[in-house]
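Colleague: Handing over upload-v1.cif, mmCIF, C-alpha atoms.
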```
data_run
#
loop_
_atom_site.group_PDB
_atom_site.id
_atom_site.type_symbol
_atom_site.label_atom_id
_atom_site.label_comp_id
_atom_site.auth_asym_id
_atom_site.auth_seq_id
_atom_site.Cartn_x
_atom_site.Cartn_y
_atom_site.Cartn_z
ATOM 1 C CA MET L 1 -13.448 1.502 -10.133
ATOM 2 C CA ILE L 2 -13.737 3.510 -13.347
ATOM 3 C CA LEU L 3 -13.104 7.225 -13.001
ATOM 4 C CA THR L 4 -14.853 9.980 -14.965
ATOM 5 C CA ILE L 5 -12.600 12.693 -16.327
ATOM 6 C CA THR L 6 -13.870 15.955 -14.838
ATOM 7 C CA GLN L 7 -14.669 19.173 -16.653
ATOM 8 C CA VAL L 8 -11.646 20.837 -15.003
ATOM 9 C CA GLY L 9 -9.548 17.809 -16.017
ATOM 10 C CA LEU L 10 -10.575 18.231 -19.658
ATOM 11 C CA ALA L 11 -9.893 21.981 -19.432
ATOM 12 C CA ARG L 12 -6.395 21.194 -18.112
ATOM 13 C CA GLU L 13 -5.858 18.869 -21.106
ATOM 14 C CA THR L 14 -6.942 21.656 -23.467
ATOM 15 C CA ASP L 15 -4.500 24.050 -21.781
ATOM 16 C CA ALA L 16 -1.771 21.439 -22.171
ATOM 17 C CA LEU L 17 -2.407 21.247 -25.927
ATOM 18 C CA THR L 18 -1.716 24.969 -26.274
ATOM 19 C CA THR L 19 1.091 25.292 -23.703
ATOM 20 C CA GLY L 20 2.698 21.879 -24.132
ATOM 21 C CA ASN L 21 2.757 21.498 -20.369
ATOM 22 C CA MET L 22 0.568 18.779 -18.841
ATOM 23 C CA PRO L 23 1.108 18.155 -15.128
ATOM 24 C CA ARG L 24 1.710 14.539 -14.157
ATOM 25 C CA PHE L 25 -0.720 12.355 -12.243
ATOM 26 C CA ASP L 26 0.196 12.776 -8.602
ATOM 27 C CA ARG L 27 -2.116 11.229 -6.026
ATOM 28 C CA ILE L 28 -5.360 9.435 -5.392
ATOM 29 C CA VAL L 29 -7.610 10.948 -2.753
ATOM 30 C CA ILE L 30 -10.228 9.023 -0.816
ATOM 31 C CA GLY L 31 -13.239 10.970 0.347
ATOM 32 C CA SER L 32 -15.887 10.111 2.912
ATOM 33 C CA GLY L 33 -18.463 12.706 1.889
ATOM 34 C CA VAL L 34 -21.687 12.186 -0.022
ATOM 35 C CA PRO L 35 -20.420 11.915 -3.625
ATOM 36 C CA HIS L 36 -21.104 14.519 -6.282
ATOM 37 C CA ALA L 37 -24.264 13.702 -8.240
ATOM 38 C CA GLN L 38 -22.465 14.529 -11.500
ATOM 39 C CA PRO L 39 -18.830 13.349 -11.373
ATOM 40 C CA PHE L 40 -18.019 15.338 -14.537
ATOM 41 C CA LEU L 41 -18.718 18.603 -12.660
ATOM 42 C CA ALA L 42 -16.651 17.793 -9.548
ATOM 43 C CA THR L 43 -13.844 20.245 -8.815
ATOM 44 C CA ALA L 44 -12.903 19.015 -5.337
ATOM 45 C CA MET L 45 -13.568 16.144 -2.989
ATOM 46 C CA VAL L 46 -16.697 16.571 -0.865
ATOM 47 C CA GLN L 47 -14.846 15.422 2.262
ATOM 48 C CA HIS L 48 -11.131 14.697 1.944
ATOM 49 C CA ALA L 49 -10.335 11.709 4.208
ATOM 50 C CA PHE L 50 -7.035 10.205 2.989
ATOM 51 C CA GLU L 51 -4.591 10.576 0.156
ATOM 52 C CA THR L 52 -1.966 8.255 -1.227
ATOM 53 C CA GLN L 53 0.628 8.438 -3.966
ATOM 54 C CA VAL L 54 0.039 6.645 -7.239
ATOM 55 C CA LEU L 55 2.283 3.574 -6.916
ATOM 56 C CA VAL L 56 2.100 2.204 -10.457
ATOM 57 C CA VAL L 57 0.653 3.496 -13.714
ATOM 58 C CA GLU L 58 -0.133 0.665 -16.106
ATOM 59 C CA ARG L 59 -1.191 1.299 -19.707
ATOM 60 C CA LEU L 60 -3.859 -1.244 -20.635
ATOM 61 C CA SER L 61 -4.390 0.033 -24.167
ATOM 62 C CA ALA L 62 -4.130 3.218 -26.221
ATOM 63 C CA GLY L 63 -7.151 4.627 -24.379
ATOM 64 C CA ALA L 64 -7.060 3.027 -20.934
ATOM 65 C CA VAL L 65 -4.757 3.385 -17.951
ATOM 66 C CA LYS L 66 -4.806 1.604 -14.584
ATOM 67 C CA PHE L 67 -3.516 3.411 -11.466
ATOM 68 C CA HIS L 68 -2.450 1.312 -8.478
ATOM 69 C CA ALA L 69 -2.429 2.633 -4.916
ATOM 70 C CA SER L 70 -2.752 1.400 -1.347
ATOM 71 C CA ILE L 71 -4.002 2.408 2.071
ATOM 72 C CA PRO L 72 -1.716 1.366 4.974
ATOM 73 C CA SER L 73 -2.896 -0.934 7.754
ATOM 74 C CA ASP L 74 -2.973 1.822 10.404
ATOM 75 C CA VAL L 75 -5.548 3.915 8.502
ATOM 76 C CA GLU L 76 -9.306 3.703 9.038
ATOM 77 C CA VAL L 77 -11.386 5.391 6.368
ATOM 78 C CA ASN L 78 -14.915 5.314 5.009
ATOM 79 C CA ILE L 79 -14.579 5.218 1.220
ATOM 80 C CA ARG L 80 -17.409 7.007 -0.596
ATOM 81 C CA GLU L 81 -15.610 8.973 -3.293
ATOM 82 C CA ILE L 82 -12.289 8.659 -5.150
ATOM 83 C CA GLY L 83 -10.384 11.376 -6.976
ATOM 84 C CA LEU L 84 -7.284 11.385 -9.172
ATOM 85 C CA PHE L 85 -5.288 14.600 -8.827
ATOM 86 C CA LEU L 86 -2.618 16.140 -11.009
ATOM 87 C CA GLU L 87 0.556 17.523 -9.464
ATOM 88 C CA ASP L 88 -0.815 21.071 -9.876
ATOM 89 C CA GLY L 89 -3.802 20.192 -7.636
ATOM 90 C CA THR L 90 -6.389 19.742 -10.404
ATOM 91 C CA LEU L 91 -9.040 17.086 -9.739
ATOM 92 C CA TYR L 92 -8.519 15.338 -13.058
ATOM 93 C CA ALA L 93 -10.927 12.421 -12.574
ATOM 94 C CA TYR L 94 -13.557 11.450 -10.018
ATOM 95 C CA ALA L 95 -15.815 8.531 -9.074
ATOM 96 C CA ASP L 96 -18.652 7.752 -6.706
ATOM 97 C CA TYR L 97 -17.362 4.601 -4.979
ATOM 98 C CA SER L 98 -20.870 3.180 -4.630
ATOM 99 C CA GLN L 99 -21.591 3.648 -8.346
ATOM 100 C CA GLY L 100 -24.898 5.278 -7.429
ATOM 101 C CA THR L 101 -26.018 2.790 -4.760
ATOM 102 C CA GLY L 102 -25.221 5.131 -1.869
ATOM 103 C CA GLN L 103 -23.204 2.445 -0.086
ATOM 104 C CA SER L 104 -19.648 2.933 1.065
ATOM 105 C CA PHE L 105 -16.751 0.720 2.079
ATOM 106 C CA PHE L 106 -15.305 1.064 5.579
ATOM 107 C CA LYS L 107 -11.626 0.168 5.595
ATOM 108 C CA SER L 108 -10.730 -0.599 9.218
ATOM 109 C CA ALA L 109 -7.284 -0.603 10.809
ATOM 110 C CA GLY L 110 -5.337 -3.833 10.934
ATOM 111 C CA PHE L 111 -4.971 -4.585 7.230
ATOM 112 C CA ALA L 112 -3.488 -2.827 4.238
ATOM 113 C CA PHE L 113 -5.818 -2.270 1.305
ATOM 114 C CA SER L 114 -4.383 -2.239 -2.219
ATOM 115 C CA PHE L 115 -6.623 -1.098 -5.021
ATOM 116 C CA PHE L 116 -6.637 0.264 -8.529
ATOM 117 C CA VAL L 117 -8.722 2.710 -10.498
ATOM 118 C CA LEU L 118 -9.234 2.861 -14.262
ATOM 119 C CA LEU L 119 -9.184 5.858 -16.509
ATOM 120 C CA THR L 120 -10.521 5.035 -19.948
ATOM 121 C CA ARG L 121 -11.657 6.649 -23.151
ATOM 122 C CA GLU L 122 -12.630 3.317 -24.671
ATOM 123 C CA GLN L 123 -16.010 1.654 -24.818
ATOM 124 C CA LEU L 124 -16.284 -0.489 -21.690
ATOM 125 C CA PRO L 125 -17.087 -3.768 -23.525
ATOM 126 C CA ASN L 126 -13.746 -3.423 -25.363
ATOM 127 C CA LEU L 127 -11.769 -2.984 -22.154
ATOM 128 C CA VAL L 128 -10.215 -6.189 -20.815
ATOM 129 C CA PHE L 129 -8.261 -6.573 -17.594
ATOM 130 C CA THR L 130 -7.673 -9.363 -15.117
ATOM 131 C CA TYR L 131 -7.770 -9.418 -11.352
ATOM 132 C CA VAL L 132 -5.808 -11.963 -9.396
ATOM 133 C CA PRO L 133 -6.890 -12.278 -5.758
ATOM 134 C CA VAL L 134 -4.160 -12.511 -3.153
ATOM 135 C CA ASP L 135 -4.084 -15.613 -0.950
ATOM 136 C CA THR L 136 -3.520 -13.861 2.377
ATOM 137 C CA SER L 137 -3.600 -17.141 4.351
ATOM 138 C CA ALA L 138 -0.708 -18.540 2.312
ATOM 139 C CA ILE L 139 1.222 -15.284 2.671
ATOM 140 C CA ALA L 140 0.636 -15.277 6.453
ATOM 141 C CA LEU L 141 1.817 -18.903 6.722
ATOM 142 C CA THR L 142 4.975 -18.129 4.741
ATOM 143 C CA ILE L 143 5.717 -15.082 6.902
ATOM 144 C CA SER L 144 5.153 -17.161 10.062
ATOM 145 C CA GLN L 145 7.422 -19.962 8.848
ATOM 146 C CA ASN L 146 10.167 -17.523 7.815
ATOM 147 C CA ALA L 147 9.942 -15.714 11.155
ATOM 148 C CA SER L 148 10.119 -19.001 13.110
ATOM 149 C CA ALA L 149 13.161 -20.121 11.112
ATOM 150 C CA ALA L 150 14.904 -16.785 11.701
ATOM 151 C CA ILE L 151 14.141 -16.899 15.444
ATOM 152 C CA ASP L 152 15.376 -20.521 15.685
ATOM 153 C CA LEU L 153 18.611 -19.554 13.935
ATOM 154 C CA GLN L 154 19.155 -16.664 16.358
ATOM 155 C CA ILE L 155 18.490 -18.902 19.389
ATOM 156 C CA GLN L 156 20.913 -21.565 18.098
ATOM 157 C CA GLY L 157 23.615 -18.934 17.634
ATOM 158 C CA TYR L 158 22.997 -17.595 21.125
ATOM 159 C CA LEU L 159 23.177 -21.085 22.680
ATOM 160 C CA LEU L 160 26.431 -21.835 20.817
ATOM 161 C CA ASN L 161 27.936 -18.628 22.198
ATOM 162 C CA ILE L 162 26.869 -19.568 25.739
ATOM 163 C CA MET L 163 28.294 -23.095 25.362
ATOM 164 C CA SER L 164 31.574 -21.703 24.051
ATOM 165 C CA LEU L 165 31.796 -19.264 26.956
ATOM 166 C CA VAL L 166 30.990 -21.988 29.511
ATOM 167 C CA SER L 167 33.536 -24.357 27.906
ATOM 168 C CA THR L 168 36.236 -21.709 28.088
ATOM 169 C CA GLN L 169 35.438 -21.020 31.729
ATOM 170 C CA SER L 170 35.385 -24.768 32.550
ATOM 171 C CA ALA L 171 38.873 -25.127 31.127
ATOM 172 C CA ASP L 172 40.004 -22.146 33.193
ATOM 173 C CA ILE L 173 38.525 -23.722 36.362
ATOM 174 C CA ILE L 174 40.329 -27.037 35.685
ATOM 175 C CA GLN L 175 43.635 -25.170 35.202
ATOM 176 C CA LEU L 176 43.018 -23.172 38.374
ATOM 177 C CA LYS L 177 42.396 -26.371 40.420
ATOM 178 C CA LYS L 178 45.717 -27.790 39.210
ATOM 179 C CA LEU L 179 47.556 -24.656 40.286
ATOM 180 C CA LEU L 180 45.988 -24.433 43.725
ATOM 181 C CA LYS L 181 47.617 -26.320 46.559
ATOM 182 C CA PRO L 182 45.514 -27.398 49.449
ATOM 183 C CA CYS L 183 45.961 -25.242 52.517
ATOM 184 C CA PRO L 184 47.437 -26.927 55.564
ATOM 185 C CA ARG L 185 45.030 -27.201 58.476
#
```
Render the structure in this file as structure tokens.

Modeller:
Amino acid sequence: MILTITQVGLARETDALTTGNMPRFDRIVIGSGVPHAQPFLATAMVQHAFETQVLVVERLSAGAVKFHASIPSDVEVNIREIGLFLEDGTLYAYADYSQGTGQSFFKSAGFAFSFFVLLTREQLPNLVFTYVPVDTSAIALTISQNASAAIDLQIQGYLLNIMSLVSTQSADIIQLKKLLKPCPR
């Protein structure tokens, strides 16, 4: 997703040139409202639905930056608009998620959704980045195998403790039988 720097974002940059104080990038906001027709003129999200901290900022080149973020598995959200906010609350950059198609993406509960957005001042044909898909089946298998191994280890430890306790009590019973004299009848 490529974000458009907003008019208020550019104004904040201009202010920073004169004051020397540019607020840092703070959060990415997901909106579920009908996106602004002109992203450059956006000053706020149409319908704020979810916000997340910027996890990683990756410089791709002198004029392009990639921002990584994620939506946790317990969140359901209809993604129609995305905004990048500065720590002072300025909507620095904005995008229509559908890129003009009017479609949205419904992120349901039950899975985490990691994503990135691009902020660039370069010509798009000159911008190069790679995307490596995550093999969730392999990750799930590894998690399952690690969990089974950890559970097996815990069960083995528990059984060893029980056997040790029973062995100690068996020895005590044998000693007790030796000490006891039969009662006369």

Colleague: Distance atom CA of L:Gly110-atom CA of L:Ile82, one decimal place?

Modeller: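 Answer for the atom CA of L:Gly110 to atom CA of L:Ile82 separation: 21.5 Å.
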
Colleague: Atom CA of L:Leu84 and atom CA of L:Ser70, how far apart in Å?

Modeller: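 Value for the atom CA of L:Ser70-atom CA of L:Leu84 distance: 13.5 Å.
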
Colleague: Using atom CA of L:Pro72 and atom CA of L:Tyr97 as the two end points, give the distance in Å to one decimal.

Modeller: 18.8 Å

Colleague: Would you translate the PyMOL selection byres ((chain L and resi 75) around 8) into the concrete set of residues it matches in this file, as number ranges by chain?

Modeller: L: 71-74, 76-77, 107-109

Colleague: I'd like to see the residues matched by the PyMOL selection byres ((chain L and resi 114) around 8) on this file, and ideally I'd get them as a PyMOL selection string.

Modeller: chain L and resi 68-71+112-113+115-116

Colleague: Next, the residues of the selection above should be written as a PDB file, in the coordinates of the input with C-alpha atoms.

Modeller:
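The new file selection05.pdb reads:
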```
ATOM      1  CA  HIS L  68      -2.450   1.312  -8.478  1.00  0.00           C
ATOM      2  CA  ALA L  69      -2.429   2.633  -4.916  1.00  0.00           C
ATOM      3  CA  SER L  70      -2.752   1.400  -1.347  1.00  0.00           C
ATOM      4  CA  ILE L  71      -4.002   2.408   2.071  1.00  0.00           C
ATOM      5  CA  ALA L 112      -3.488  -2.827   4.238  1.00  0.00           C
ATOM      6  CA  PHE L 113      -5.818  -2.270   1.305  1.00  0.00           C
ATOM      7  CA  PHE L 115      -6.623  -1.098  -5.021  1.00  0.00           C
ATOM      8  CA  PHE L 116      -6.637   0.264  -8.529  1.00  0.00           C
TER       9      PHE L 116
END
```

Colleague: Given only C-alpha atoms as the basis, pick out the residue of L:Leu41, L:Ala62, L:Ile28, L:Leu141 nearest to L:Glu81.

Modeller: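 Nearest candidate to L:Glu81 out of L:Leu41, L:Ala62, L:Ile28, L:Leu141: L:Ile28.
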
Colleague: Generate N, CA and C atoms for stretch 73-95 of chain L and emit them as a PDB file, in the frame of the given file.

Modeller:
```pdb
ATOM      1  N   SER L  73      -2.103  -0.201   6.761  1.00  0.00           N
ATOM      2  CA  SER L  73      -2.896  -0.934   7.754  1.00  0.00           C
ATOM      3  C   SER L  73      -3.317  -0.084   8.947  1.00  0.00           C
ATOM      4  N   ASP L  74      -2.617   1.010   9.234  1.00  0.00           N
ATOM      5  CA  ASP L  74      -2.973   1.822  10.404  1.00  0.00           C
ATOM      6  C   ASP L  74      -4.050   2.868  10.119  1.00  0.00           C
ATOM      7  N   VAL L  75      -4.559   2.904   8.889  1.00  0.00           N
ATOM      8  CA  VAL L  75      -5.548   3.915   8.502  1.00  0.00           C
ATOM      9  C   VAL L  75      -6.951   3.320   8.496  1.00  0.00           C
ATOM     10  N   GLU L  76      -7.878   4.033   9.112  1.00  0.00           N
ATOM     11  CA  GLU L  76      -9.306   3.703   9.038  1.00  0.00           C
ATOM     12  C   GLU L  76      -9.960   4.792   8.204  1.00  0.00           C
ATOM     13  N   VAL L  77     -10.748   4.388   7.218  1.00  0.00           N
ATOM     14  CA  VAL L  77     -11.386   5.391   6.368  1.00  0.00           C
ATOM     15  C   VAL L  77     -12.667   4.814   5.771  1.00  0.00           C
ATOM     16  N   ASN L  78     -13.660   5.673   5.656  1.00  0.00           N
ATOM     17  CA  ASN L  78     -14.915   5.314   5.009  1.00  0.00           C
ATOM     18  C   ASN L  78     -14.810   5.797   3.558  1.00  0.00           C
ATOM     19  N   ILE L  79     -14.781   4.871   2.622  1.00  0.00           N
ATOM     20  CA  ILE L  79     -14.579   5.218   1.220  1.00  0.00           C
ATOM     21  C   ILE L  79     -15.927   5.433   0.533  1.00  0.00           C
ATOM     22  N   ARG L  80     -16.163   6.685   0.114  1.00  0.00           N
ATOM     23  CA  ARG L  80     -17.409   7.007  -0.596  1.00  0.00           C
ATOM     24  C   ARG L  80     -17.135   7.654  -1.940  1.00  0.00           C
ATOM     25  N   GLU L  81     -15.967   8.292  -2.057  1.00  0.00           N
ATOM     26  CA  GLU L  81     -15.610   8.973  -3.293  1.00  0.00           C
ATOM     27  C   GLU L  81     -14.105   8.824  -3.512  1.00  0.00           C
ATOM     28  N   ILE L  82     -13.698   8.814  -4.796  1.00  0.00           N
ATOM     29  CA  ILE L  82     -12.289   8.659  -5.150  1.00  0.00           C
ATOM     30  C   ILE L  82     -11.949   9.700  -6.204  1.00  0.00           C
ATOM     31  N   GLY L  83     -10.811  10.368  -6.015  1.00  0.00           N
ATOM     32  CA  GLY L  83     -10.384  11.376  -6.976  1.00  0.00           C
ATOM     33  C   GLY L  83      -8.936  11.170  -7.383  1.00  0.00           C
ATOM     34  N   LEU L  84      -8.640  11.435  -8.641  1.00  0.00           N
ATOM     35  CA  LEU L  84      -7.284  11.385  -9.172  1.00  0.00           C
ATOM     36  C   LEU L  84      -6.840  12.817  -9.421  1.00  0.00           C
ATOM     37  N   PHE L  85      -5.761  13.225  -8.744  1.00  0.00           N
ATOM     38  CA  PHE L  85      -5.288  14.600  -8.827  1.00  0.00           C
ATOM     39  C   PHE L  85      -3.995  14.703  -9.626  1.00  0.00           C
ATOM     40  N   LEU L  86      -3.864  15.822 -10.320  1.00  0.00           N
ATOM     41  CA  LEU L  86      -2.618  16.140 -11.009  1.00  0.00           C
ATOM     42  C   LEU L  86      -1.683  16.831 -10.023  1.00  0.00           C
ATOM     43  N   GLU L  87      -0.406  16.915 -10.378  1.00  0.00           N
ATOM     44  CA  GLU L  87       0.556  17.523  -9.464  1.00  0.00           C
ATOM     45  C   GLU L  87       0.290  19.012  -9.228  1.00  0.00           C
ATOM     46  N   ASP L  88      -0.485  19.659 -10.100  1.00  0.00           N
ATOM     47  CA  ASP L  88      -0.815  21.071  -9.876  1.00  0.00           C
ATOM     48  C   ASP L  88      -2.061  21.251  -9.008  1.00  0.00           C
ATOM     49  N   GLY L  89      -2.636  20.132  -8.520  1.00  0.00           N
ATOM     50  CA  GLY L  89      -3.802  20.192  -7.636  1.00  0.00           C
ATOM     51  C   GLY L  89      -5.140  20.048  -8.336  1.00  0.00           C
ATOM     52  N   THR L  90      -5.142  19.903  -9.644  1.00  0.00           N
ATOM     53  CA  THR L  90      -6.389  19.742 -10.404  1.00  0.00           C
ATOM     54  C   THR L  90      -7.004  18.365 -10.146  1.00  0.00           C
ATOM     55  N   LEU L  91      -8.305  18.358  -9.832  1.00  0.00           N
ATOM     56  CA  LEU L  91      -9.040  17.086  -9.739  1.00  0.00           C
ATOM     57  C   LEU L  91      -9.308  16.638 -11.167  1.00  0.00           C
ATOM     58  N   TYR L  92      -8.454  15.757 -11.661  1.00  0.00           N
ATOM     59  CA  TYR L  92      -8.519  15.338 -13.058  1.00  0.00           C
ATOM     60  C   TYR L  92      -9.667  14.366 -13.322  1.00  0.00           C
ATOM     61  N   ALA L  93      -9.871  13.425 -12.386  1.00  0.00           N
ATOM     62  CA  ALA L  93     -10.927  12.421 -12.574  1.00  0.00           C
ATOM     63  C   ALA L  93     -11.542  12.095 -11.224  1.00  0.00           C
ATOM     64  N   TYR L  94     -12.791  11.627 -11.263  1.00  0.00           N
ATOM     65  CA  TYR L  94     -13.557  11.450 -10.018  1.00  0.00           C
ATOM     66  C   TYR L  94     -14.522  10.275 -10.173  1.00  0.00           C
ATOM     67  N   ALA L  95     -14.819   9.612  -9.051  1.00  0.00           N
ATOM     68  CA  ALA L  95     -15.815   8.531  -9.074  1.00  0.00           C
ATOM     69  C   ALA L  95     -16.558   8.456  -7.750  1.00  0.00           C
TER      70      ALA L  95
END
```
